[in-house]
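Take a look at the structure set out below.
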Number of protein chains: 2
Amino acid sequence: MTTLDSHPVLQALLERHSTGPKHLIEPGPSDAELHTLTEAALRAPDHAALVPFRFSAVRGDARTRLASLFEQAACAAGKDAAGAALDRERALNAPVTLAVIARLDLGHPQVPAHEQWACVGGAVAYLLLAAKAMGYGAKMLSGAKARSPVLTSAFCESGETLVGWIAIGTPTLGGRAKHGKPPADEVLTFWS
Amino acid sequence: MTTLDSHPVLQALLERHSTGPKHLIEPGPSDAELHTLTEAALRAPDHAALVPFRFSAVRGDARTRLASLFEQAACAAGKDAAGAALDRERALNAPVTLAVIARLDLGHPQVPAHEQWACVGGAVAYLLLAAKAMGYGAKMLSGAKARSPVLTSAFCESGETLVGWIAIGTPTLGGRAKHGKPPADEVLTFWS
């Protein structure tokens with residue numbers, strides 16, 4: 001039997017939770033730490049080593065430009081001034097925001113698209129856990145603005161898909177894993 | 001700056017690697033450990049908490065039945081007797097084989113299919129890391145047999161997709177992370 005106390009990795013996994021940008025302050029990860037986070041993401045299972053993802057880091061002054069694009073996208077989606085201002089804040093609050101960009105090989109003979117999407121998700125999951133291990137809070141953000149033309153054209157090359165953004169910074173609150181998930185019994189059955 | 005020595009979680013992530021079924025022996029995870037592995041999978045980022053996956057564990061005598069289905073699928077795919085025998089062995093070698101089954105909500109108003117596939121991938125990634133933390137070796141297996149009618153009908157309900165299998169057991173070799181991946185510099189750029 002496994003006891004959690006002696007397994008820091010299991011403990012970190014079972015306590016993994018998101019920290020939204022409104023609960024993030026400076027400092028965020030350094031450029032060297034962002035490289036380490038990317039290396040953790042590259043350890044996700046990746047059939048045929050296609051690396052169907054890349055990250056684009058927004059930090060420092062670039063956040064102001066991202067905030068303007070978030071605001072434009074909100075206005076284009078019909079949000080009112082207060083809603084657009086909230087979206088603007090989302091880009092400014094987090095010390096670092098990493099755009100997650102998928103670059104799938106849709107004609108690959110062995111690896112169907114859904115496996116490549118799964119690899120993107122594994123990369124995000126490992127990056128979030130690594131950020132937490134460094135002491136940062138982080139959250140994956142998506143929603144309608146990931147499909148907004150003003151944002152996809154700012155981040156994506158032809159054939160790429162903007163998945164969303166990972167906000168990373170120093171958490172202002174401890175937070176804890178949500179327990180709204182189904183029990184493992186609902187998700188795990190035994191085949192016979 | 002982060003040093004790895006003081007960060008067991010970062011170290012585990014950066015050293016994460018797969019161990020194929022031919023390098024796995026008894027014992028495999030107990031039923032209680034399989035529950036803990038499932039709980040780790042449930043901590044993957046999951047927009048709107050859809051839990052778009054489930055696992056079906058094959059262990060004990062059920063492995064013989066899985067081996068027969070692997071063999072049938074190989075024959076149906078045109079493999080010769082030696083190839084079919086190899087596929088049969090794959091099911092018998094691992095003490096536990098977890099089928100990974102996706103159950104997407106394709107009509108969800110907020111969460112596109114690709115985000116749900118990413119969640120499935122995050123779940124697999126966390127489960128593999130948790131297995132390694134318990135001292136087991138593991139590998140995600142997919143390929144043509146995941147699309148074989150004989151196997152999809154054995155594991156899936158209507159509307160579900162068989163993603164593949166995770167083989168788990170005690171590793172017979174230490175193994176190490178492959179370094180065929182691109183450097184982080186190719187995957188991480190800075191937006192301005």
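How things are named: the first chain in the structure tokens is A, the next is B, and so on; residues count from 1 in each chain; ligands count from 1 in the order shown.
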Go through segment 113-174 of chain A and flag each residue having an atom no more than 10 Å from segment 34-49 of chain B; for those, report the closest pair of atoms plus their distance in Å to one decimal, using only C-alpha atoms, ordered by chain and rising number, as a Markdown table.
| residue | atom | partner | partner_atom | distance |
| --- | --- | --- | --- | --- |
| A:Gly121 | CA | B:Pro45 | CA | 8.2 |
| A:Gly122 | CA | B:Ala44 | CA | 8.5 |
| A:Val124 | CA | B:Pro45 | CA | 8.3 |
| A:Ala125 | CA | B:Ala44 | CA | 6.1 |
| A:Tyr126 | CA | B:Ala44 | CA | 9.2 |
| A:Leu128 | CA | B:Pro45 | CA | 8.8 |
| A:Leu129 | CA | B:Ala44 | CA | 9.4 |
| A:Lys139 | CA | B:Pro45 | CA | 8.5 |
| A:Met140 | CA | B:Pro45 | CA | 7.3 |
| A:Leu141 | CA | B:His47 | CA | 8.7 |
| A:Ser142 | CA | B:His47 | CA | 8.4 |
| A:Gly143 | CA | B:His47 | CA | 9.2 |
If you keep C-alpha atoms, can you produce a file of those selected residues as an mmCIF file, in the first residue's frame?
data_model
loop_
_atom_site.group_PDB
_atom_site.id
_atom_site.type_symbol
_atom_site.label_atom_id
_atom_site.label_comp_id
_atom_site.auth_asym_id
_atom_site.auth_seq_id
_atom_site.Cartn_x
_atom_site.Cartn_y
_atom_site.Cartn_z
ATOM 1 C CA GLY A 121 -3.368 18.281 -22.769
ATOM 2 C CA GLY A 122 -0.615 16.196 -21.196
ATOM 3 C CA VAL A 124 -0.418 21.563 -20.210
ATOM 4 C CA ALA A 125 -1.019 19.228 -17.245
ATOM 5 C CA TYR A 126 2.715 18.656 -16.662
ATOM 6 C CA LEU A 128 0.814 23.294 -14.457
ATOM 7 C CA LEU A 129 2.166 20.721 -12.000
ATOM 8 C CA LYS A 139 -4.557 28.228 -14.328
ATOM 9 C CA MET A 140 -5.449 27.220 -17.866
ATOM 10 C CA LEU A 141 -7.880 29.714 -19.399
ATOM 11 C CA SER A 142 -9.837 29.250 -22.588
ATOM 12 C CA GLY A 143 -13.355 30.183 -23.609
#
Item to check | DSSP-assigned strand (DSSP E) members of segment 87-129 of chain A, reported as a PyMOL selection string | outcome: chain A and resi 96-102
Checklist entry - Counting only C-alpha atoms, which residues from chain B have an atom at most 6 Å from any atom of chain A, and could you show them as a PyMOL selection string? => result chain B and resi 9-10+13-14+35+38-40+54-58+62+117-122+125+130+184+187-192
Item to check | Spatial neighbours of Leu24 of chain B, max dist 10 Å, only C-alpha atoms, sep filter under 3 positions, as a VMD selection string | outcome: chain B and resid 19 to 21 27 to 28 93 to 96 136 to 139 167 to 173
Item to check | alpha helix (DSSP H) residues, from DSSP on the backbone, in segment 3-85 of chain A, as a VMD selection string | outcome: chain A and resid 8 to 14 31 to 41 62 to 76 81 to 85
